[in-house]
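Trainee: My structure is stored as coords-v7.cif, with mmCIF, C-alpha atoms, pLDDT in the B column; chains and numbers go by the auth columns.
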data_protein
loop_
_atom_site.group_PDB
_atom_site.id
_atom_site.type_symbol
_atom_site.label_atom_id
_atom_site.label_comp_id
_atom_site.label_asym_id
_atom_site.label_seq_id
_atom_site.Cartn_x
_atom_site.Cartn_y
_atom_site.Cartn_z
_atom_site.B_iso_or_equiv
_atom_site.auth_seq_id
_atom_site.auth_asym_id
ATOM 1 C CA MET A 1 7.427 41.730 -75.604 44.00 1 A
ATOM 2 C CA ILE A 2 7.923 41.788 -71.827 46.00 2 A
ATOM 3 C CA ALA A 3 10.810 44.231 -72.201 43.00 3 A
ATOM 4 C CA THR A 4 8.644 46.450 -74.393 45.00 4 A
ATOM 5 C CA VAL A 5 5.821 46.464 -71.853 46.00 5 A
ATOM 6 C CA ALA A 6 8.323 47.176 -69.080 45.00 6 A
ATOM 7 C CA ASN A 7 9.752 50.055 -71.121 47.00 7 A
ATOM 8 C CA ILE A 8 6.279 51.479 -71.702 51.00 8 A
ATOM 9 C CA VAL A 9 5.393 51.191 -68.028 48.00 9 A
ATOM 10 C CA TYR A 10 8.709 52.823 -67.107 47.00 10 A
ATOM 11 C CA ALA A 11 8.145 55.643 -69.607 53.00 11 A
ATOM 12 C CA VAL A 12 4.646 56.295 -68.311 51.00 12 A
ATOM 13 C CA ALA A 13 5.843 56.165 -64.707 48.00 13 A
ATOM 14 C CA MET A 14 8.569 58.689 -65.535 51.00 14 A
ATOM 15 C CA ARG A 15 6.045 60.976 -67.214 53.00 15 A
ATOM 16 C CA ILE A 16 3.717 60.745 -64.226 51.00 16 A
ATOM 17 C CA LEU A 17 6.661 61.429 -61.925 48.00 17 A
ATOM 18 C CA LEU A 18 7.729 64.417 -63.998 49.00 18 A
ATOM 19 C CA SER A 19 4.169 65.753 -64.148 51.00 19 A
ATOM 20 C CA THR A 20 3.942 65.403 -60.398 50.00 20 A
ATOM 21 C CA LEU A 21 7.300 67.133 -60.022 49.00 21 A
ATOM 22 C CA VAL A 22 6.211 70.021 -62.249 48.00 22 A
ATOM 23 C CA LEU A 23 2.943 70.370 -60.334 50.00 23 A
ATOM 24 C CA SER A 24 4.720 70.130 -56.988 50.00 24 A
ATOM 25 C CA LEU A 25 7.229 72.770 -57.980 47.00 25 A
ATOM 26 C CA SER A 26 4.515 75.096 -59.221 49.00 26 A
ATOM 27 C CA LEU A 27 2.518 74.607 -56.033 49.00 27 A
ATOM 28 C CA HIS A 28 5.625 75.016 -53.879 48.00 28 A
ATOM 29 C CA ILE A 29 6.049 78.544 -55.181 44.00 29 A
ATOM 30 C CA GLY A 30 2.802 79.421 -53.432 50.00 30 A
ATOM 31 C CA PHE A 31 3.782 77.782 -50.146 51.00 31 A
ATOM 32 C CA SER A 32 6.986 79.591 -49.275 51.00 32 A
ATOM 33 C CA GLU A 33 8.223 80.018 -45.747 52.00 33 A
ATOM 34 C CA GLU A 34 5.967 83.051 -45.479 61.00 34 A
ATOM 35 C CA PHE A 35 3.047 80.635 -45.031 70.00 35 A
ATOM 36 C CA GLN A 36 3.774 78.581 -41.953 78.00 36 A
ATOM 37 C CA LYS A 37 1.654 75.591 -41.095 88.00 37 A
ATOM 38 C CA GLN A 38 -0.359 75.750 -37.911 91.00 38 A
ATOM 39 C CA GLU A 39 -2.053 73.101 -35.827 95.00 39 A
ATOM 40 C CA PRO A 40 -5.708 72.818 -36.961 96.00 40 A
ATOM 41 C CA THR A 41 -8.275 73.866 -34.372 97.00 41 A
ATOM 42 C CA PRO A 42 -11.955 72.907 -34.212 98.00 42 A
ATOM 43 C CA GLU A 43 -12.749 76.399 -35.529 98.00 43 A
ATOM 44 C CA THR A 44 -10.356 76.212 -38.501 97.00 44 A
ATOM 45 C CA SER A 45 -11.449 72.643 -39.252 98.00 45 A
ATOM 46 C CA ALA A 46 -15.134 73.636 -39.311 98.00 46 A
ATOM 47 C CA ALA A 47 -14.365 76.619 -41.545 98.00 47 A
ATOM 48 C CA ALA A 48 -12.258 74.419 -43.851 97.00 48 A
ATOM 49 C CA GLU A 49 -15.028 71.831 -44.102 97.00 49 A
ATOM 50 C CA SER A 50 -17.545 74.533 -45.001 97.00 50 A
ATOM 51 C CA LEU A 51 -15.191 75.889 -47.671 96.00 51 A
ATOM 52 C CA ILE A 52 -14.639 72.427 -49.142 95.00 52 A
ATOM 53 C CA GLU A 53 -18.403 71.911 -49.349 95.00 53 A
ATOM 54 C CA THR A 54 -18.940 75.341 -50.931 96.00 54 A
ATOM 55 C CA MET A 55 -16.208 74.626 -53.479 92.00 55 A
ATOM 56 C CA LYS A 56 -17.899 71.286 -54.274 91.00 56 A
ATOM 57 C CA MET A 57 -14.496 69.699 -53.993 90.00 57 A
ATOM 58 C CA GLY A 58 -15.944 66.205 -53.647 88.00 58 A
ATOM 59 C CA GLU A 59 -17.804 66.561 -56.945 85.00 59 A
ATOM 60 C CA MET A 60 -14.674 67.823 -58.660 83.00 60 A
ATOM 61 C CA PHE A 61 -12.379 65.181 -57.183 83.00 61 A
ATOM 62 C CA GLU A 62 -13.002 62.513 -59.819 80.00 62 A
ATOM 63 C CA ASP A 63 -13.048 65.096 -62.613 77.00 63 A
ATOM 64 C CA SER A 64 -9.652 66.345 -61.472 76.00 64 A
ATOM 65 C CA LEU A 65 -8.208 62.843 -61.475 79.00 65 A
ATOM 66 C CA SER A 66 -9.713 62.125 -64.865 77.00 66 A
ATOM 67 C CA GLY A 67 -8.232 65.339 -66.241 73.00 67 A
ATOM 68 C CA ALA A 68 -4.824 64.509 -64.816 74.00 68 A
ATOM 69 C CA TYR A 69 -4.899 61.090 -66.477 79.00 69 A
ATOM 70 C CA GLU A 70 -6.047 62.617 -69.764 76.00 70 A
ATOM 71 C CA THR A 71 -2.613 64.190 -70.101 71.00 71 A
ATOM 72 C CA GLN A 72 -0.992 60.786 -69.660 77.00 72 A
ATOM 73 C CA MET A 73 -3.305 59.109 -72.159 83.00 73 A
ATOM 74 C CA GLY A 74 -1.884 61.279 -74.930 80.00 74 A
ATOM 75 C CA GLN A 75 1.405 59.441 -74.439 80.00 75 A
ATOM 76 C CA PHE A 76 -0.270 56.094 -75.092 83.00 76 A
ATOM 77 C CA ALA A 77 -1.866 57.489 -78.245 84.00 77 A
ATOM 78 C CA LYS A 78 1.593 58.559 -79.439 84.00 78 A
ATOM 79 C CA MET A 79 2.768 54.974 -78.824 84.00 79 A
ATOM 80 C CA GLY A 80 0.048 53.725 -81.142 87.00 80 A
ATOM 81 C CA MET A 81 -2.458 52.413 -78.607 87.00 81 A
ATOM 82 C CA SER A 82 -6.018 52.255 -79.919 90.00 82 A
ATOM 83 C CA PRO A 83 -8.650 54.678 -78.606 90.00 83 A
ATOM 84 C CA GLU A 84 -10.493 51.690 -77.114 92.00 84 A
ATOM 85 C CA GLY A 85 -7.342 50.543 -75.331 89.00 85 A
ATOM 86 C CA ILE A 86 -6.676 54.047 -74.060 88.00 86 A
ATOM 87 C CA SER A 87 -10.232 54.277 -72.773 90.00 87 A
ATOM 88 C CA LYS A 88 -9.872 50.951 -70.928 92.00 88 A
ATOM 89 C CA LEU A 89 -6.510 51.981 -69.513 88.00 89 A
ATOM 90 C CA LYS A 90 -7.809 55.333 -68.287 88.00 90 A
ATOM 91 C CA ALA A 91 -10.853 53.677 -66.700 89.00 91 A
ATOM 92 C CA GLU A 92 -8.643 51.132 -64.925 90.00 92 A
ATOM 93 C CA MET A 93 -6.223 53.786 -63.674 88.00 93 A
ATOM 94 C CA LEU A 94 -9.100 55.956 -62.461 87.00 94 A
ATOM 95 C CA GLU A 95 -10.784 53.014 -60.734 90.00 95 A
ATOM 96 C CA PHE A 96 -7.518 52.063 -59.020 90.00 96 A
ATOM 97 C CA THR A 97 -6.872 55.621 -57.887 87.00 97 A
ATOM 98 C CA LEU A 98 -10.385 55.991 -56.502 88.00 98 A
ATOM 99 C CA GLU A 99 -9.934 52.694 -54.626 92.00 99 A
ATOM 100 C CA ILE A 100 -6.771 53.886 -52.908 91.00 100 A
ATOM 101 C CA MET A 101 -7.901 57.516 -52.568 89.00 101 A
ATOM 102 C CA PRO A 102 -11.679 57.556 -52.087 91.00 102 A
ATOM 103 C CA TRP A 103 -13.121 61.016 -51.446 91.00 103 A
ATOM 104 C CA SER A 104 -14.526 59.781 -48.135 94.00 104 A
ATOM 105 C CA GLU A 105 -10.926 59.320 -46.943 94.00 105 A
ATOM 106 C CA MET A 106 -9.450 62.297 -48.765 93.00 106 A
ATOM 107 C CA LYS A 107 -11.954 64.862 -47.458 95.00 107 A
ATOM 108 C CA PRO A 108 -10.786 64.772 -43.810 96.00 108 A
ATOM 109 C CA GLU A 109 -7.202 65.098 -45.019 95.00 109 A
ATOM 110 C CA MET A 110 -8.110 68.083 -47.204 94.00 110 A
ATOM 111 C CA VAL A 111 -9.891 69.685 -44.236 97.00 111 A
ATOM 112 C CA ARG A 112 -6.732 69.173 -42.175 96.00 112 A
ATOM 113 C CA ILE A 113 -4.526 70.663 -44.905 95.00 113 A
ATOM 114 C CA TYR A 114 -6.686 73.750 -45.393 96.00 114 A
ATOM 115 C CA ALA A 115 -7.037 74.197 -41.626 97.00 115 A
ATOM 116 C CA SER A 116 -3.245 73.984 -41.338 96.00 116 A
ATOM 117 C CA TYR A 117 -2.512 76.800 -43.764 95.00 117 A
ATOM 118 C CA PHE A 118 -5.394 79.224 -43.229 96.00 118 A
ATOM 119 C CA THR A 119 -6.912 80.912 -40.204 96.00 119 A
ATOM 120 C CA ALA A 120 -10.641 80.581 -39.572 97.00 120 A
ATOM 121 C CA GLU A 121 -11.086 84.176 -40.759 97.00 121 A
ATOM 122 C CA GLU A 122 -9.242 83.480 -44.012 96.00 122 A
ATOM 123 C CA LEU A 123 -11.224 80.298 -44.586 97.00 123 A
ATOM 124 C CA ASN A 124 -14.493 82.136 -43.959 98.00 124 A
ATOM 125 C CA ALA A 125 -13.456 84.862 -46.423 97.00 125 A
ATOM 126 C CA LEU A 126 -12.627 82.225 -49.033 97.00 126 A
ATOM 127 C CA ASP A 127 -15.942 80.512 -48.322 97.00 127 A
ATOM 128 C CA GLU A 128 -17.789 83.775 -48.949 98.00 128 A
ATOM 129 C CA PHE A 129 -15.879 84.280 -52.201 97.00 129 A
ATOM 130 C CA TYR A 130 -16.657 80.768 -53.448 96.00 130 A
ATOM 131 C CA LYS A 131 -20.351 81.380 -52.788 97.00 131 A
ATOM 132 C CA THR A 132 -20.330 84.150 -55.419 97.00 132 A
ATOM 133 C CA PRO A 133 -20.848 83.416 -59.137 97.00 133 A
ATOM 134 C CA THR A 134 -17.195 84.262 -59.807 97.00 134 A
ATOM 135 C CA GLY A 135 -16.087 81.969 -56.992 95.00 135 A
ATOM 136 C CA GLN A 136 -18.249 79.129 -58.310 93.00 136 A
ATOM 137 C CA LYS A 137 -16.778 79.644 -61.783 95.00 137 A
ATOM 138 C CA ALA A 138 -13.247 79.620 -60.369 92.00 138 A
ATOM 139 C CA SER A 139 -14.033 76.446 -58.451 88.00 139 A
ATOM 140 C CA ARG A 140 -15.481 74.694 -61.519 87.00 140 A
ATOM 141 C CA LEU A 141 -12.566 75.734 -63.725 89.00 141 A
ATOM 142 C CA MET A 142 -9.780 74.901 -61.274 84.00 142 A
ATOM 143 C CA PRO A 143 -9.365 71.235 -62.350 78.00 143 A
ATOM 144 C CA GLU A 144 -9.226 72.270 -65.995 81.00 144 A
ATOM 145 C CA LEU A 145 -6.769 75.070 -65.259 85.00 145 A
ATOM 146 C CA MET A 146 -4.545 72.715 -63.268 80.00 146 A
ATOM 147 C CA ALA A 147 -4.682 70.101 -66.057 76.00 147 A
ATOM 148 C CA GLU A 148 -3.681 72.723 -68.626 84.00 148 A
ATOM 149 C CA GLY A 149 -0.852 73.846 -66.381 84.00 149 A
ATOM 150 C CA MET A 150 0.311 70.248 -66.009 78.00 150 A
ATOM 151 C CA ARG A 151 0.180 69.748 -69.788 79.00 151 A
ATOM 152 C CA LEU A 152 2.239 72.893 -70.297 85.00 152 A
ATOM 153 C CA GLY A 153 4.799 71.799 -67.732 82.00 153 A
ATOM 154 C CA GLN A 154 4.934 68.301 -69.170 78.00 154 A
ATOM 155 C CA GLN A 155 5.489 69.656 -72.689 82.00 155 A
ATOM 156 C CA ARG A 156 8.384 71.765 -71.464 86.00 156 A
ATOM 157 C CA VAL A 157 9.962 68.855 -69.622 81.00 157 A
ATOM 158 C CA GLU A 158 9.393 66.469 -72.541 81.00 158 A
ATOM 159 C CA SER A 159 11.022 68.879 -74.969 86.00 159 A
ATOM 160 C CA ARG A 160 14.204 68.576 -72.917 88.00 160 A
ATOM 161 C CA MET A 161 13.827 64.983 -71.696 83.00 161 A
ATOM 162 C CA GLY A 162 17.037 63.930 -73.439 85.00 162 A
ATOM 163 C CA GLU A 163 18.965 66.615 -71.597 88.00 163 A
ATOM 164 C CA LEU A 164 17.431 65.558 -68.291 83.00 164 A
ATOM 165 C CA GLN A 165 18.290 61.916 -68.922 84.00 165 A
ATOM 166 C CA GLN A 166 21.890 62.862 -69.776 87.00 166 A
ATOM 167 C CA ARG A 167 22.189 64.886 -66.592 90.00 167 A
ATOM 168 C CA ILE A 168 20.730 62.267 -64.256 86.00 168 A
ATOM 169 C CA ALA A 169 22.209 59.125 -65.875 85.00 169 A
ATOM 170 C CA PRO A 170 25.684 59.599 -64.325 87.00 170 A
ATOM 171 C CA ILE A 171 24.155 60.111 -60.887 88.00 171 A
ATOM 172 C CA ILE A 172 22.011 56.989 -61.203 86.00 172 A
ATOM 173 C CA GLU A 173 24.938 54.934 -62.523 86.00 173 A
ATOM 174 C CA GLU A 174 27.187 56.143 -59.695 87.00 174 A
ATOM 175 C CA GLU A 175 24.615 55.309 -57.030 86.00 175 A
ATOM 176 C CA LEU A 176 23.863 51.892 -58.524 85.00 176 A
ATOM 177 C CA SER A 177 27.561 51.047 -58.736 86.00 177 A
ATOM 178 C CA LYS A 178 27.988 52.058 -55.064 85.00 178 A
ATOM 179 C CA LYS A 179 25.155 49.739 -54.121 81.00 179 A
ATOM 180 C CA ALA A 180 26.591 46.895 -56.210 85.00 180 A
ATOM 181 C CA GLN A 181 29.961 47.262 -54.451 88.00 181 A
ATOM 182 C CA GLN A 182 28.403 46.903 -50.993 84.00 182 A
#
Translate the structure described by the file into structure tokens.

Mentor:
Amino acid sequence: MIATVANIVYAVAMRILLSTLVLSLSLHIGFSEEFQKQEPTPETSAAAESLIETMKMGEMFEDSLSGAYETQMGQFAKMGMSPEGISKLKAEMLEFTLEIMPWSEMKPEMVRIYASYFTAEELNALDEFYKTPTGQKASRLMPELMAEGMRLGQQRVESRMGELQQRIAPIIEEELSKKAQQ
């Protein structure tokens, strides 16, 4: 039973890792060398904070996390976990995540990130856009769009998981044997 639980935890951790990898790779495409980070200034930080408020990012934070976990919960359903168990698991994972990443601590970091990649003028232009009905719609839909993108990426990776495992197994075995020899 312990081995089974460990295998399930490992499988879920791998899926979360792969989802994160897919998301990171998709986001990395947008942050090429063309977009150099800059040191945030009081002006860019104020503009970033205004944008974050306009986008209602704090309100969407928990929804985004919940949506991200929804993708993972499908894996537990496939393993035969009851809907009640899945609901408890999702609630526990969400509670844990919000404990280690409360919005009150994440907001200043998000301000810093936005202020690092955008000028004050760009942030103000984005702020104006997000004040429009189309901008508000885009802001509300972003978590859902990201979750759908993650699901799509996860499906593609899962469809070739065996191939990935075959490709990385020799590397893992080699590295573990090196460590064992030390």

Trainee: What are the nearest atom pairs, with distances in Å to one decimal, for all residues of region 43-63 of chain A that come at most 12 Å from region 136-151 of chain A, using only C-alpha atoms, set out by chain and rising residue number as a tab-separated table?

Mentor:
residue	atom	partner	partner_atom	distance
A:Leu51	CA	A:Ser139	CA	10.9
A:Ile52	CA	A:Ser139	CA	10.2
A:Glu53	CA	A:Ser139	CA	11.1
A:Thr54	CA	A:Gln136	CA	8.3
A:Met55	CA	A:Ser139	CA	5.7
A:Lys56	CA	A:Ser139	CA	7.7
A:Met57	CA	A:Ser139	CA	8.1
A:Gly58	CA	A:Ser139	CA	11.5
A:Glu59	CA	A:Arg140	CA	9.6
A:Met60	CA	A:Pro143	CA	7.3
A:Phe61	CA	A:Pro143	CA	8.5
A:Glu62	CA	A:Pro143	CA	9.8
A:Asp63	CA	A:Pro143	CA	7.2

Trainee: Looking at all atoms listed in the file, which of A:Thr71, A:Thr132, A:Asn124, A:Gln182 is the one that sits closest to Gln155 (chain A)?

Mentor: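 Smallest separation from Gln155 (chain A) among the options: A:Thr71.
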
Trainee: What's the separation between CA of Thr119 (chain A) and CA of Glu105 (chain A), in Å to one decimal place?

Mentor: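 Taking CA of Thr119 (chain A) and CA of Glu105 (chain A), their separation equals 23.0 Å.
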
Trainee: Could you list, as a VMD selection string, every residue matched by the PyMOL selection byres ((chain A and resi 84-99) around 8) in this structure?

Mentor: chain A and resid 62 65 to 66 69 to 70 73 76 to 77 81 to 83 100 to 103

Trainee: Enter the distance from CA of Ala47 (chain A) to CA of Arg112 (chain A), in Å, rounded to one decimal.

Mentor: 10.7 Å

Trainee: Can you translate the PyMOL selection byres ((chain A and resi 41) around 10) into the concrete residues it hits in this file, as a PyMOL selection string?

Mentor: chain A and resi 38-40+42-47+112+115-116+119-120

Trainee: Using all atoms listed in the file, pick whichever of A:Pro170, A:Ala180, A:Lys37, A:Ala48 has the shortest atom-to-atom distance to Lys107 (chain A).

Mentor: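 Smallest distance to Lys107 (chain A) is found for A:Ala48.
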
Trainee: Can you measure CA of Glu128 (chain A) to CA of Ser50 (chain A) for me? One decimal in Å is fine.

Mentor: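 Computing it gives 10.1 Å between the two atoms.
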
Trainee: Hey, could you patch up region 147-164 of chain A with N, CA and C atoms and hand it over as an mmCIF file, in the frame of the given file?

Mentor:
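Once written, rebuild-v5.cif looks like this:
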data_model
loop_
_atom_site.group_PDB
_atom_site.id
_atom_site.type_symbol
_atom_site.label_atom_id
_atom_site.label_comp_id
_atom_site.auth_asym_id
_atom_site.auth_seq_id
_atom_site.Cartn_x
_atom_site.Cartn_y
_atom_site.Cartn_z
ATOM 1 N N ALA A 147 -5.038 71.062 -65.011
ATOM 2 C CA ALA A 147 -4.682 70.101 -66.057
ATOM 3 C C ALA A 147 -3.930 70.798 -67.184
ATOM 4 N N GLU A 148 -4.385 71.981 -67.577
ATOM 5 C CA GLU A 148 -3.681 72.723 -68.626
ATOM 6 C C GLU A 148 -2.283 73.108 -68.169
ATOM 7 N N GLY A 149 -2.166 73.517 -66.921
ATOM 8 C CA GLY A 149 -0.852 73.846 -66.381
ATOM 9 C C GLY A 149 0.069 72.639 -66.364
ATOM 10 N N MET A 150 -0.485 71.478 -66.004
ATOM 11 C CA MET A 150 0.311 70.248 -66.009
ATOM 12 C C MET A 150 0.742 69.896 -67.425
ATOM 13 N N ARG A 151 -0.176 70.035 -68.393
ATOM 14 C CA ARG A 151 0.180 69.748 -69.788
ATOM 15 C C ARG A 151 1.308 70.668 -70.244
ATOM 16 N N LEU A 152 1.207 71.938 -69.920
ATOM 17 C CA LEU A 152 2.239 72.893 -70.297
ATOM 18 C C LEU A 152 3.579 72.507 -69.683
ATOM 19 N N GLY A 153 3.569 72.209 -68.401
ATOM 20 C CA GLY A 153 4.799 71.799 -67.732
ATOM 21 C C GLY A 153 5.367 70.523 -68.317
ATOM 22 N N GLN A 154 4.488 69.567 -68.603
ATOM 23 C CA GLN A 154 4.934 68.301 -69.170
ATOM 24 C C GLN A 154 5.546 68.520 -70.545
ATOM 25 N N GLN A 155 4.939 69.368 -71.362
ATOM 26 C CA GLN A 155 5.489 69.656 -72.689
ATOM 27 C C GLN A 155 6.889 70.249 -72.576
ATOM 28 N N ARG A 156 7.061 71.146 -71.637
ATOM 29 C CA ARG A 156 8.384 71.765 -71.464
ATOM 30 C C ARG A 156 9.415 70.736 -71.021
ATOM 31 N N VAL A 157 9.028 69.878 -70.089
ATOM 32 C CA VAL A 157 9.962 68.855 -69.622
ATOM 33 C C VAL A 157 10.248 67.867 -70.744
ATOM 34 N N GLU A 158 9.205 67.429 -71.457
ATOM 35 C CA GLU A 158 9.393 66.469 -72.541
ATOM 36 C C GLU A 158 10.303 67.011 -73.625
ATOM 37 N N SER A 159 10.197 68.300 -73.907
ATOM 38 C CA SER A 159 11.022 68.879 -74.969
ATOM 39 C C SER A 159 12.507 68.821 -74.617
ATOM 40 N N ARG A 160 12.803 68.642 -73.343
ATOM 41 C CA ARG A 160 14.204 68.576 -72.917
ATOM 42 C C ARG A 160 14.494 67.286 -72.150
ATOM 43 N N MET A 161 13.673 66.253 -72.400
ATOM 44 C CA MET A 161 13.827 64.983 -71.696
ATOM 45 C C MET A 161 15.207 64.381 -71.926
ATOM 46 N N GLY A 162 15.709 64.472 -73.151
ATOM 47 C CA GLY A 162 17.037 63.930 -73.439
ATOM 48 C C GLY A 162 18.101 64.574 -72.573
ATOM 49 N N GLU A 163 18.015 65.884 -72.437
ATOM 50 C CA GLU A 163 18.965 66.615 -71.597
ATOM 51 C C GLU A 163 18.858 66.166 -70.145
ATOM 52 N N LEU A 164 17.627 66.011 -69.665
ATOM 53 C CA LEU A 164 17.431 65.558 -68.291
ATOM 54 C C LEU A 164 18.030 64.172 -68.097
#
